[in-house]
Every structure is written in structure tokens, then in C-alpha cells.
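Asks: What follows is input-v6.txt; its format and atoms are compact mmCIF, C-alpha atoms.
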# COMPACT_ATOMS: atom_id res chain seq x y z
CA MET A 1 5.88 -46.85 -5.45
CA SER A 2 6.82 -49.90 -3.44
CA ASP A 3 6.41 -49.80 0.31
CA ALA A 4 9.80 -51.22 1.14
CA ASN A 5 12.97 -49.49 0.13
CA THR A 6 16.42 -50.25 1.35
CA ILE A 7 18.26 -47.04 1.84
CA SER A 8 21.95 -46.40 1.88
CA ASP A 9 22.78 -47.19 5.50
CA GLY A 10 21.01 -50.55 5.38
CA VAL A 11 17.87 -49.50 7.28
CA THR A 12 14.76 -50.82 5.58
CA ASP A 13 12.03 -48.28 5.07
CA THR A 14 8.69 -50.06 5.36
CA TYR A 15 6.68 -47.04 6.40
CA ARG A 16 3.20 -46.66 4.98
CA ASP A 17 1.74 -43.19 5.19
CA LYS A 18 -1.78 -43.65 6.55
CA LYS A 19 -2.63 -40.04 5.74
CA ARG A 20 -1.53 -40.30 2.12
CA TYR A 21 -5.00 -40.15 0.58
CA PHE A 22 -6.51 -38.12 3.39
CA TRP A 23 -4.40 -35.18 2.19
CA LEU A 24 -6.94 -34.97 -0.64
CA LEU A 25 -9.11 -33.25 1.95
CA SER A 26 -6.98 -30.10 1.59
CA PRO A 27 -7.93 -29.43 -2.07
CA VAL A 28 -11.47 -30.81 -1.58
CA TRP A 29 -12.13 -28.44 1.33
CA VAL A 30 -11.03 -25.51 -0.84
CA LEU A 31 -14.03 -26.29 -3.05
CA ALA A 32 -16.53 -25.95 -0.18
CA PRO A 33 -17.99 -22.63 -1.45
CA VAL A 34 -18.51 -24.19 -4.90
CA PHE A 35 -20.48 -27.09 -3.40
CA SER A 36 -22.50 -24.73 -1.23
CA VAL A 37 -23.31 -22.40 -4.13
CA TYR A 38 -24.45 -25.46 -6.06
CA LEU A 39 -26.67 -26.54 -3.15
CA ALA A 40 -28.14 -23.05 -2.85
CA TYR A 41 -28.75 -23.00 -6.60
CA ILE A 42 -30.58 -26.32 -6.86
CA THR A 43 -32.57 -25.96 -3.63
CA GLY A 44 -33.33 -22.26 -3.82
CA ILE A 45 -32.16 -21.93 -0.20
CA GLY A 46 -29.64 -19.09 -0.37
CA SER A 47 -28.36 -19.60 3.15
CA PHE A 48 -26.38 -22.66 2.09
CA VAL A 49 -23.71 -20.18 0.95
CA TRP A 50 -22.89 -19.59 4.63
CA PHE A 51 -21.66 -23.18 4.90
CA THR A 52 -17.89 -22.61 4.60
CA PHE A 53 -17.85 -19.84 7.19
CA VAL A 54 -20.02 -21.72 9.68
CA PHE A 55 -18.16 -24.99 9.20
CA TRP A 56 -14.77 -23.33 9.76
CA TYR A 57 -15.58 -21.35 12.91
CA PHE A 58 -18.20 -23.55 14.56
CA MET A 59 -18.02 -27.13 13.32
CA ILE A 60 -14.32 -27.85 12.83
CA PRO A 61 -13.48 -26.95 16.46
CA VAL A 62 -16.00 -29.63 17.49
CA ILE A 63 -14.63 -32.15 14.98
CA ASP A 64 -11.09 -31.41 16.19
CA TRP A 65 -12.20 -32.02 19.74
CA MET A 66 -13.91 -35.28 18.79
CA LEU A 67 -11.17 -36.70 16.56
CA GLY A 68 -8.39 -35.33 18.74
CA SER A 69 -4.66 -35.23 18.12
CA ASP A 70 -2.39 -37.30 15.97
CA PRO A 71 1.16 -37.01 17.32
CA ASN A 72 2.58 -39.71 15.01
CA ASN A 73 5.70 -38.97 13.00
CA PRO A 74 7.07 -40.69 9.93
CA PRO A 75 10.26 -42.55 10.87
CA PRO A 76 13.49 -40.73 9.94
CA GLU A 77 14.38 -43.32 7.31
CA ALA A 78 11.13 -42.64 5.42
CA ILE A 79 11.48 -38.85 5.27
CA GLU A 80 13.61 -38.65 2.15
CA ARG A 81 11.25 -40.88 0.19
CA LEU A 82 8.21 -38.93 1.40
CA GLU A 83 9.83 -35.64 0.43
CA LYS A 84 10.62 -36.90 -3.07
CA GLU A 85 7.27 -38.45 -3.84
CA LYS A 86 5.64 -36.27 -6.47
CA TYR A 87 2.07 -37.21 -5.47
CA TYR A 88 2.18 -34.94 -2.42
CA ARG A 89 3.38 -31.90 -4.25
CA TYR A 90 0.91 -32.41 -7.11
CA LEU A 91 -1.88 -32.07 -4.54
CA THR A 92 -0.63 -28.59 -3.71
CA TYR A 93 -0.25 -27.67 -7.38
CA ILE A 94 -3.82 -28.64 -8.31
CA THR A 95 -5.10 -26.58 -5.38
CA VAL A 96 -3.87 -23.34 -7.00
CA PRO A 97 -6.39 -23.21 -9.90
CA LEU A 98 -9.12 -24.28 -7.47
CA HIS A 99 -8.59 -21.04 -5.54
CA TYR A 100 -9.19 -19.08 -8.74
CA LEU A 101 -12.25 -21.20 -9.48
CA VAL A 102 -13.74 -20.47 -6.05
CA LEU A 103 -13.35 -16.70 -6.45
CA ILE A 104 -14.92 -16.87 -9.93
CA VAL A 105 -17.86 -19.08 -8.86
CA GLY A 106 -18.53 -16.74 -5.93
CA ALA A 107 -18.52 -13.74 -8.26
CA TRP A 108 -20.92 -15.52 -10.58
CA ALA A 109 -23.21 -16.35 -7.65
CA VAL A 110 -23.43 -12.80 -6.28
CA ALA A 111 -23.99 -11.47 -9.81
CA SER A 112 -26.63 -13.93 -10.96
CA MET A 113 -28.37 -15.66 -8.04
CA GLY A 114 -30.17 -12.63 -6.65
CA LEU A 115 -28.93 -13.26 -3.10
CA GLY A 116 -30.27 -11.01 -0.35
CA TRP A 117 -27.74 -8.89 1.53
CA PHE A 118 -27.42 -11.48 4.31
CA ASP A 119 -26.52 -14.35 2.00
CA TYR A 120 -24.33 -12.05 -0.08
CA LEU A 121 -22.40 -11.38 3.13
CA GLY A 122 -22.27 -15.08 3.98
CA LEU A 123 -20.85 -15.97 0.60
CA ALA A 124 -18.24 -13.20 0.77
CA LEU A 125 -17.15 -14.33 4.24
CA SER A 126 -17.06 -17.95 3.10
CA VAL A 127 -14.92 -17.19 0.08
CA GLY A 128 -12.80 -15.06 2.43
CA ILE A 129 -11.95 -18.21 4.40
CA ILE A 130 -10.89 -19.97 1.21
CA ASN A 131 -8.91 -16.89 0.15
CA GLY A 132 -7.07 -17.29 3.43
CA LEU A 133 -6.40 -20.88 2.48
CA ALA A 134 -4.92 -19.56 -0.78
CA ILE A 135 -2.28 -17.95 1.42
CA ASN A 136 -1.84 -21.32 3.14
CA THR A 137 -1.43 -23.10 -0.22
CA GLY A 138 0.92 -20.39 -1.49
CA HIS A 139 2.83 -20.65 1.78
CA GLU A 140 3.37 -24.39 1.46
CA ILE A 141 4.53 -24.10 -2.16
CA GLY A 142 6.53 -20.89 -1.71
CA HIS A 143 8.96 -22.34 0.82
CA LYS A 144 10.33 -24.88 -1.61
CA LYS A 145 13.55 -24.51 -3.53
CA PRO A 146 12.53 -25.07 -7.19
CA LYS A 147 11.79 -21.84 -9.04
CA PHE A 148 8.61 -23.32 -10.52
CA GLU A 149 7.13 -23.68 -7.05
CA ARG A 150 8.12 -20.17 -6.01
CA ASN A 151 6.44 -18.70 -9.08
CA LEU A 152 3.34 -20.83 -8.53
CA SER A 153 3.22 -19.53 -4.98
CA LYS A 154 3.08 -15.93 -6.19
CA ILE A 155 0.24 -16.83 -8.58
CA CYS A 156 -1.67 -18.46 -5.72
CA LEU A 157 -1.18 -15.55 -3.32
CA ALA A 158 -2.41 -13.12 -5.99
CA VAL A 159 -5.93 -14.59 -5.63
CA THR A 160 -6.42 -12.60 -2.45
CA GLY A 161 -4.07 -9.70 -3.18
CA TYR A 162 -1.38 -10.90 -0.80
CA GLY A 163 1.51 -11.52 -3.19
CA HIS A 164 3.94 -9.56 -1.02
CA PHE A 165 3.64 -12.40 1.50
CA HIS A 166 6.07 -14.37 -0.66
CA THR A 167 8.83 -11.85 0.05
CA GLU A 168 8.01 -10.82 3.59
CA HIS A 169 7.21 -14.27 4.92
CA ASN A 170 10.24 -16.09 3.55
CA LYS A 171 12.82 -13.34 4.01
CA GLY A 172 11.36 -11.35 6.89
CA HIS A 173 9.06 -13.32 9.16
CA HIS A 174 11.20 -16.47 9.15
CA LYS A 175 14.33 -14.46 9.87
CA ASP A 176 12.83 -12.44 12.75
CA VAL A 177 10.22 -14.88 14.04
CA ALA A 178 9.48 -14.82 17.78
CA THR A 179 11.32 -11.53 18.30
CA PRO A 180 9.93 -8.03 18.94
CA GLU A 181 11.25 -7.01 15.50
CA ASP A 182 8.77 -9.24 13.66
CA PRO A 183 5.39 -7.63 12.90
CA ALA A 184 3.97 -11.14 12.32
CA SER A 185 4.82 -12.52 15.79
CA ALA A 186 2.19 -11.58 18.38
CA ARG A 187 3.21 -10.35 21.81
CA MET A 188 1.78 -11.46 25.11
CA GLY A 189 -1.05 -9.10 26.07
CA GLU A 190 -1.55 -7.85 22.51
CA SER A 191 -5.12 -8.35 21.26
CA ILE A 192 -5.58 -9.61 17.71
CA TYR A 193 -7.09 -6.25 16.75
CA ARG A 194 -4.03 -4.28 17.85
CA PHE A 195 -1.82 -6.97 16.34
CA ALA A 196 -3.56 -6.58 12.96
CA MET A 197 -2.75 -2.86 12.93
CA ARG A 198 0.93 -3.71 13.30
CA GLU A 199 1.06 -6.87 11.19
CA ILE A 200 -0.79 -5.86 8.00
CA PRO A 201 1.02 -2.56 7.29
CA GLY A 202 4.27 -4.10 8.57
CA ALA A 203 4.14 -6.85 5.97
CA PHE A 204 3.61 -4.36 3.13
CA ALA A 205 6.40 -2.04 4.23
CA ARG A 206 8.94 -4.76 4.92
CA ALA A 207 8.24 -6.65 1.69
CA TRP A 208 8.68 -3.45 -0.30
CA ASN A 209 11.97 -2.61 1.43
CA THR A 210 13.33 -6.14 1.05
CA GLU A 211 12.64 -6.07 -2.69
CA LYS A 212 14.06 -2.56 -3.02
CA GLN A 213 17.30 -3.70 -1.35
CA ARG A 214 17.54 -6.91 -3.36
CA LEU A 215 16.98 -5.12 -6.68
CA GLY A 216 19.44 -2.45 -5.60
CA ARG A 217 22.13 -5.11 -5.11
CA LYS A 218 21.34 -6.41 -8.58
CA GLY A 219 21.70 -2.91 -9.99
CA GLU A 220 18.08 -2.84 -11.10
CA SER A 221 15.37 -0.24 -10.63
CA THR A 222 12.83 -0.80 -7.83
CA TRP A 223 10.17 -0.64 -10.54
CA SER A 224 11.80 -3.45 -12.53
CA THR A 225 9.63 -6.26 -13.88
CA ASN A 226 11.66 -8.53 -11.58
CA ASN A 227 10.10 -6.87 -8.52
CA GLU A 228 8.42 -9.77 -6.70
CA PHE A 229 6.17 -7.36 -4.80
CA LEU A 230 4.79 -5.97 -8.05
CA GLN A 231 4.58 -9.20 -10.09
CA PRO A 232 1.72 -10.79 -8.13
CA LEU A 233 0.07 -7.38 -7.66
CA VAL A 234 -0.26 -7.08 -11.42
CA ILE A 235 -1.96 -10.50 -11.53
CA THR A 236 -4.38 -9.41 -8.79
CA VAL A 237 -5.29 -6.13 -10.49
CA VAL A 238 -5.82 -7.74 -13.90
CA PHE A 239 -7.83 -10.66 -12.48
CA TYR A 240 -10.08 -8.49 -10.31
CA ALA A 241 -10.61 -5.97 -13.13
CA ALA A 242 -11.64 -8.84 -15.40
CA LEU A 243 -14.13 -10.13 -12.82
CA ILE A 244 -15.67 -6.66 -12.42
CA ALA A 245 -15.80 -6.14 -16.19
CA PHE A 246 -17.45 -9.52 -16.73
CA PHE A 247 -19.89 -9.69 -13.81
CA GLY A 248 -20.51 -5.99 -13.21
CA PRO A 249 -20.06 -3.64 -10.23
CA ILE A 250 -22.28 -5.84 -8.01
CA VAL A 251 -19.20 -8.01 -7.36
CA VAL A 252 -17.10 -5.13 -5.99
CA PRO A 253 -18.25 -5.42 -2.33
CA TYR A 254 -17.91 -9.22 -2.63
CA LEU A 255 -14.34 -8.93 -3.90
CA LEU A 256 -13.37 -6.43 -1.20
CA MET A 257 -14.91 -8.47 1.61
CA SER A 258 -13.49 -11.79 0.48
CA MET A 259 -10.06 -10.20 0.08
CA ALA A 260 -10.33 -8.75 3.58
CA GLY A 261 -11.37 -12.24 4.71
CA GLY A 262 -8.16 -13.65 3.26
CA TYR A 263 -6.16 -10.97 5.06
CA TRP A 264 -7.91 -11.70 8.35
CA PHE A 265 -7.32 -15.42 7.98
CA LEU A 266 -3.59 -14.81 7.70
CA THR A 267 -3.61 -12.28 10.53
CA SER A 268 -5.32 -14.91 12.70
CA ALA A 269 -2.73 -17.55 11.76
CA ASN A 270 0.16 -15.22 12.48
CA TYR A 271 -1.46 -14.16 15.74
CA ILE A 272 -1.74 -17.65 17.18
CA GLU A 273 1.43 -19.19 15.76
CA HIS A 274 3.99 -17.44 17.98
CA TYR A 275 1.90 -15.61 20.60
CA GLY A 276 4.14 -14.56 23.48
CA LEU A 277 7.06 -16.78 22.43
CA LEU A 278 10.52 -15.23 22.38
CA ARG A 279 13.92 -16.24 21.09
CA GLN A 280 16.40 -15.23 23.77
CA LYS A 281 19.52 -13.20 23.04
CA GLU A 282 22.75 -15.16 23.01
CA ALA A 283 25.25 -14.68 25.82
CA ASP A 284 27.22 -12.04 23.86
CA GLY A 285 23.97 -10.05 23.68
CA GLY A 286 24.09 -9.47 19.93
CA ARG A 287 22.23 -12.22 18.16
CA TYR A 288 19.02 -14.01 18.92
CA GLU A 289 19.26 -17.76 19.42
CA ARG A 290 18.45 -19.71 16.24
CA CYS A 291 14.82 -20.67 15.69
CA LYS A 292 13.94 -23.95 17.43
CA PRO A 293 10.70 -25.94 17.62
CA HIS A 294 9.77 -24.30 20.93
CA HIS A 295 9.50 -20.89 19.25
CA SER A 296 6.19 -21.80 17.57
CA TRP A 297 2.90 -23.13 18.90
CA ASN A 298 2.15 -26.58 17.62
CA SER A 299 -1.14 -28.37 17.06
CA ASN A 300 -1.54 -32.04 16.14
CA HIS A 301 -5.30 -31.86 15.71
CA LEU A 302 -5.98 -34.39 13.02
CA PHE A 303 -8.84 -32.95 11.03
CA SER A 304 -7.71 -29.32 10.82
CA ASN A 305 -4.22 -30.47 9.87
CA LEU A 306 -5.61 -32.52 7.00
CA ILE A 307 -7.41 -29.52 5.51
CA LEU A 308 -4.46 -27.17 6.06
CA PHE A 309 -1.58 -29.11 4.50
CA HIS A 310 -0.18 -29.68 8.01
CA LEU A 311 0.31 -25.95 8.66
CA GLN A 312 -0.34 -26.55 12.35
CA ARG A 313 2.83 -28.63 12.67
CA HIS A 314 4.31 -25.20 12.91
CA SER A 315 7.16 -25.91 15.31
CA ASP A 316 8.91 -28.18 12.84
CA HIS A 317 8.05 -25.86 9.97
CA HIS A 318 9.90 -22.91 11.48
CA ALA A 319 12.92 -24.91 12.52
CA TRP A 320 13.15 -26.56 9.05
CA PRO A 321 11.12 -24.37 6.67
CA THR A 322 11.90 -26.18 3.43
CA ARG A 323 10.51 -29.51 4.69
CA ARG A 324 7.34 -30.52 2.83
CA TYR A 325 3.97 -30.81 4.56
CA GLN A 326 3.75 -34.62 4.45
CA SER A 327 6.92 -35.05 6.47
CA LEU A 328 6.47 -32.37 9.15
CA ARG A 329 6.97 -33.81 12.62
CA ASN A 330 5.50 -33.42 16.05
CA PHE A 331 7.86 -32.51 18.91
CA ASP A 332 6.62 -33.62 22.29
CA ASP A 333 8.27 -30.67 24.03
CA ALA A 334 6.90 -28.00 21.65
CA PRO A 335 4.36 -25.61 23.17
CA THR A 336 0.92 -26.89 22.25
CA LEU A 337 -2.35 -25.20 21.33
CA PRO A 338 -5.48 -26.57 22.99
CA SER A 339 -7.38 -26.69 19.69
CA GLY A 340 -6.66 -26.58 15.97
CA TYR A 341 -6.46 -23.26 14.13
CA PRO A 342 -10.23 -22.89 13.51
CA GLY A 343 -10.98 -23.09 17.25
CA MET A 344 -8.07 -20.81 18.09
CA TYR A 345 -9.15 -18.31 15.41
CA ALA A 346 -12.58 -18.13 17.03
CA LEU A 347 -11.08 -17.75 20.50
CA SER A 348 -8.76 -14.94 19.38
CA LEU A 349 -11.77 -12.81 18.44
CA ILE A 350 -12.57 -12.42 22.15
CA PRO A 351 -9.32 -11.08 23.69
CA PRO A 352 -10.15 -11.65 27.41
CA LEU A 353 -10.99 -15.30 26.69
CA TRP A 354 -7.89 -15.68 24.55
CA GLU A 355 -5.67 -14.35 27.34
CA ALA A 356 -7.35 -16.54 29.93
CA VAL A 357 -6.55 -19.62 27.84
CA MET A 358 -3.17 -18.67 26.39
CA ASN A 359 -1.32 -16.57 28.96
CA PRO A 360 -0.99 -19.50 31.39
CA ARG A 361 0.34 -21.59 28.50
CA VAL A 362 2.95 -18.95 27.67
CA LEU A 363 4.01 -19.04 31.33
CA ASP A 364 4.24 -22.85 31.20
CA ALA A 365 6.49 -22.58 28.16
CA TYR A 366 8.93 -20.55 30.28
CA ASP A 367 8.52 -22.49 33.55
CA GLY A 368 6.64 -19.57 35.03
CA ASP A 369 9.23 -16.90 34.21
CA VAL A 370 7.17 -14.26 32.41
CA LEU A 371 10.28 -12.15 31.79
CA LEU A 372 11.36 -14.66 29.14
CA ALA A 373 8.19 -14.07 27.09
CA ASN A 374 7.67 -11.65 24.19
CA ILE A 375 5.53 -9.07 26.02
CA ASP A 376 3.61 -6.17 24.51
CA PRO A 377 5.52 -3.05 25.70
CA ALA A 378 2.21 -1.21 26.26
CA LYS A 379 1.06 -3.96 28.66
CA ARG A 380 4.43 -4.85 30.10
CA ASP A 381 4.02 -3.41 33.61
CA LYS A 382 0.56 -4.90 34.02
CA ILE A 383 1.60 -8.34 32.80
CA VAL A 384 4.83 -8.50 34.77
CA GLN A 385 2.99 -7.41 37.90
CA ARG A 386 0.32 -10.05 37.40
CA TYR A 387 2.48 -12.99 36.41
CA ALA A 388 5.90 -12.31 37.94
CA LEU A 389 7.32 -15.15 40.03
CA MET B 390 40.19 -21.61 -6.39
CA THR B 391 36.47 -21.39 -5.73
CA HIS B 392 34.84 -22.03 -2.40
CA GLN B 393 31.41 -23.23 -1.33
CA TYR B 394 29.58 -22.54 1.92
CA GLU B 395 26.65 -24.54 3.23
CA CYS B 396 23.65 -23.58 5.34
CA PRO B 397 23.55 -25.96 8.31
CA ALA B 398 19.75 -25.85 8.51
CA CYS B 399 18.63 -26.62 4.97
CA GLY B 400 21.69 -27.59 2.96
CA TYR B 401 21.64 -24.56 0.65
CA ILE B 402 25.09 -24.02 -0.83
CA TYR B 403 26.60 -20.69 -1.76
CA ASP B 404 29.10 -21.30 -4.52
CA GLU B 405 31.46 -18.39 -5.24
CA GLU B 406 31.72 -19.46 -8.86
CA VAL B 407 27.93 -19.37 -9.35
CA GLY B 408 27.14 -16.53 -6.97
CA GLU B 409 23.46 -15.92 -6.22
CA PRO B 410 22.30 -13.62 -9.02
CA ASP B 411 18.70 -13.43 -7.72
CA GLU B 412 20.03 -11.98 -4.50
CA GLY B 413 22.27 -9.58 -6.38
CA PHE B 414 25.53 -11.51 -5.99
CA SER B 415 26.91 -12.05 -9.47
CA PRO B 416 29.00 -15.12 -10.37
CA GLY B 417 32.44 -14.80 -8.85
CA THR B 418 31.29 -12.86 -5.78
CA GLN B 419 33.63 -13.94 -2.98
CA TRP B 420 32.19 -15.12 0.33
CA ALA B 421 34.02 -12.28 2.06
CA ALA B 422 32.02 -9.77 0.01
CA ILE B 423 28.65 -11.12 1.20
CA PRO B 424 27.12 -8.85 3.87
CA GLU B 425 27.37 -10.19 7.43
CA GLU B 426 23.62 -9.85 8.00
CA TRP B 427 22.76 -11.91 4.90
CA PHE B 428 20.42 -14.83 5.64
CA CYS B 429 20.09 -18.15 3.87
CA PRO B 430 17.87 -17.36 0.86
CA ASP B 431 16.17 -20.77 1.09
CA CYS B 432 15.25 -21.14 4.76
CA ALA B 433 16.13 -17.83 6.53
CA VAL B 434 16.79 -19.82 9.71
CA ARG B 435 20.56 -19.30 9.58
CA ASP B 436 22.68 -16.32 8.57
CA LYS B 437 26.15 -15.97 7.09
CA ALA B 438 27.99 -16.56 10.35
CA ASP B 439 26.43 -20.03 10.65
CA PHE B 440 27.46 -21.22 7.19
CA SER B 441 30.33 -23.67 7.02
CA PRO B 442 32.84 -24.25 4.22
CA VAL B 443 32.12 -27.32 2.10
CA GLU B 444 34.97 -29.81 2.44
CA ASP B 445 34.57 -31.33 -1.00
CA PRO B 446 33.47 -28.51 -3.29
CA ARG B 447 33.31 -30.74 -6.36
CA ARG B 448 29.70 -31.66 -5.73
CA SER B 449 27.23 -29.38 -7.40
CA ALA B 450 25.63 -26.52 -5.55
CA GLY B 451 21.93 -25.82 -5.13
CA GLY B 452 19.30 -28.31 -6.18
CA GLU B 453 16.72 -29.76 -3.86
Please express what this file holds, its structure, as C-alpha cells.
Replies:
Amino acid sequence: MSDANTISDGVTDTYRDKKRYFWLLSPVWVLAPVFSVYLAYITGIGSFVWFTFVFWYFMIPVIDWMLGSDPNNPPPEAIERLEKEKYYRYLTYITVPLHYLVLIVGAWAVASMGLGWFDYLGLALSVGIINGLAINTGHEIGHKKPKFERNLSKICLAVTGYGHFHTEHNKGHHKDVATPEDPASARMGESIYRFAMREIPGAFARAWNTEKQRLGRKGESTWSTNNEFLQPLVITVVFYAALIAFFGPIVVPYLLMSMAGGYWFLTSANYIEHYGLLRQKEADGGRYERCKPHHSWNSNHLFSNLILFHLQRHSDHHAWPTRRYQSLRNFDDAPTLPSGYPGMYALSLIPPLWEAVMNPRVLDAYDGDVLLANIDPAKRDKIVQRYAL
Amino acid sequence: MTHQYECPACGYIYDEEVGEPDEGFSPGTQWAAIPEEWFCPDCAVRDKADFSPVEDPRRSAGGE
């Protein structure tokens, strides 16, 4: 691919993507549990299997702080070329089998390395992080228009038993984002633990209903083989049954914990991505305003973006969901997270700290008018009293 | 005479001739028969009311 292309309106596109090869970090990071199992195996030090978990929650926040933000955008004339370049999408495709590999290597390790309960736990939690990244990979691929990519997304999500995300995220969450109707948009004053109780069952129920309605319009049974809720579920059940049959019942707690880890990873992402943000009703009172960049929290933190296929450029993603990761842009006026997702995930685990950091930022997003925020009804009086102008 | 309608956010085109069989709208389904609350199946940012008629419907629908 040449660096200079003259495009139709005569503007010369000389943009060189400095991150081009750094995006390899996304698939390489997925393999972290494989490297750590290998290290534990050759050194005999089982605790190496904790690496992925410790690196995600404790080390990446520090790296993000040290390397800081990268607010640079590709110039508009380069976007079309970037979007079309196959290299970028191939990186997401090769990541899909790596997610399966990680779950298999982890199962092998717990079945044959004789890990103590503590290291068993560390490996399950570590693979749980990567299972969460399977949802991230499936998310990136699943938003695209070609059918091949949508099917690949379902296969990827099946690794952690979250295939229904494909339906609920694309047809539910994106439609209702930053409104009280969306179970995957967190409300101001809602702790992540209460949010999880609303978000996880909400995603299942809404995905099922969306598929039921769609198949109904097609004149097909809800239990049709075209049911996109059931298709990935079948893959999950068959794959997990095969792992248990091959490695024995010792892998069952590992599989359950790493699956729960994948769920929690997504819950954490959903929690921080729209916390407190609200699309206002239009003047006629009926419809919500269309989704704009300021309805999602953005983060330009360089390192965590490179291992997350740019997921943290979330403001652009929600306003233009079919845009590919390599061309997602920063918006200077988008509400901004103080750290990348790993740091924010850690912070969200301690609700009083989370609120101390984030509630003032929600207020800033609305110039101090708390009544414009998406507030948890159960905490509404308390929050309005505390923050009202 | 067939009509096409375009999503202003992502460029998805609903073509009456093609319909959107995955969504349960068989070929020939008129725009008027699409439910008002129907959202763009590609981006879900815009709904039916935001779609605009395509001026020159000869170009092909869908694609990337």
C-alpha cells in the first residue's frame, strides 16, 4: 500500500498510521495467559499464572498514567483508505481462534499442572480477563456490515457464553444507550454491584425478546435454527462439554469462574462507558435526541487503547458504530475518563471512591445541572439534594 | 416504481425491491409497511423517521 493516494476531490492523502503495527498488541495481549502458563510450567513457579489478572488491574493503570493520552486523529481524507485496508480487520479475525486457544490452554493447565487452589483461582481469573476481551473482539467484529464478520462475532462471543450480546448490544444497547430504558447504561449513584443485577439479566431477556420478535416477523418459530440467541449458545455448550469430557471434571470450576470473569469484564465496561450520561428528550417530548459523542465517556489512554482495539474511543463508536477501530476519532468536547478502562475497572469495585471521582465529572458534563444526568431513581432525592445548583 | 431510503448515520439503504429478509421484511415490502419504531439494522443510531429517500435509486443498496 503506497502512502500517498490522491482521492476524488483532489486532496492528497499522505497520512501514515503510526499505530499500524502497534495494533498487534491487541492479539498478543490475548495470549498473556498462554505465556504465563508456559513460564509457570518451565520454572515450576505456579504463581506466574496470576500474571494476566495482576497486569490488568494493577500494572496497566500505571502504564496508562506513564504513557498518557494520545488524542491524535487520522485526517478525514485518510479515513476511507484506513477503513478499507484489510490488514486491520485481519488482526481482529486472527484474534478469534486465539481466544479459544487461551481457554483450552487454561483447561489443560488446571487439569495437568497440579496447581494449588490459589494458583487455580489466579489462572481462572486471568483467563476471565481474556474471556472479557473475547467480548471486546466479538464487539469490534460484530458491528460491521459483512455477514462473515457478524457470524465470526457470534463464534467469538461463544467462548465466554455471551453470544446473546450480538443481538442485545447491536439492536438494544445502541438504540437505547444513555437512557433509563437501557440496562447496559449505568445511572449516577448506582454502584457496579447493583448495576450488574440489572444489566446481566436485562441483556438475556432483551436479546431473547428481540430475536423472538424478529423471527416472528419472518414467520419462523422462536426455536428456529436461525435464532441468533441460540446459535452461539449451542457452540458454547458443545465446546464446554468437550473440554470437560477431555480434561475431566477438575476443569468445571475453572470454566465457571473464567466465564463469570468474562461477564464481569463486560459489566465493568458497560458500567463505565455511559455512567450518569443522559440523552435528553426532544422538544416534542416523545423521542430522545440522537446519540452524539457526548453520550459516552471517552479515553485516549494510549496503552490500554492498543490492547483493546480502540474500544475506549467510545464516544465516536456510539455516534458512528460501524466505523472500524483504526479510524475511531477523539472529540475534544467528549466527556473524558481520568484513566483507561483497567484503572476505571479497579476504581468501580469501590463504589464510594468511584462516586468521588466520577460524580463531579458527570456534573461537569452538564455544566453543574445534575437534573440533566441519568440518575438512579433509588438515589435520586439524595443526589439531587447534594448536587443541585 | 421502487424506492430506496438511506440511514443518515451509516449509509445503510433500505430498498423496497430487496426488502430486508433477515429483519422479516420480504422483497417488495413497501417503506410504508415498515414499523415506525424500526431502527437501522446496521448502526441502530437512527430510526425510520430519520431515513431519507435516495434521490438516484439506480445505485445498488447495501454493501459496505
Asks: Which of these residues is nearest to Gly417 (chain B), using only C-alpha atoms: B:Ser441, B:Asp404, B:Pro430, B:Tyr394?
Replies: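 Of all the options, B:Asp404 lies closest to Gly417 (chain B).
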Asks: What's the separation between CA of Ile94 (chain A) and CA of Ser304 (chain A), in Å to one decimal place?
Replies: 19.5 Å
Asks: With all atoms listed in the file counted and 6 Å as the cut-off, give the residues of chain A in contact with chain B, each with its shortest interatomic distance in Å and the pair that gives it, as JSON lines.
Replies:
{"residue": "A:His174", "atom": "CA", "partner": "B:Ala433", "partner_atom": "CA", "distance": 5.7}
{"residue": "A:Lys175", "atom": "CA", "partner": "B:Ala433", "partner_atom": "CA", "distance": 5.1}
{"residue": "A:Arg214", "atom": "CA", "partner": "B:Glu412", "partner_atom": "CA", "distance": 5.8}
{"residue": "A:Arg217", "atom": "CA", "partner": "B:Gly413", "partner_atom": "CA", "distance": 4.6}
{"residue": "A:Lys218", "atom": "CA", "partner": "B:Gly413", "partner_atom": "CA", "distance": 4.0}
{"residue": "A:Pro321", "atom": "CA", "partner": "B:Cys432", "partner_atom": "CA", "distance": 5.6}
Asks: So which residues fall inside 10 Å of (0.5, -13.3, 11.8) if we count all atoms listed in the file? Mind giving them as a list in words?
Replies: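 Answer for this query, in the requested form: His169, His173, Asp182, Pro183, Ala184, Ser185, Ala186, Ile192, Phe195, Ala196, Arg198, Glu199, Ile200, Ala203, Tyr263, Trp264, Phe265, Leu266, Thr267, Ser268, Ala269, Asn270, Tyr271, Ile272, Glu273, His274 and Tyr275 of chain A.
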Asks: CA of Thr322 (chain A) and CA of Gly138 (chain A) are how many Å apart?
Replies: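 About the pair CA of Thr322 (chain A) and CA of Gly138 (chain A): they are 13.4 Å apart.
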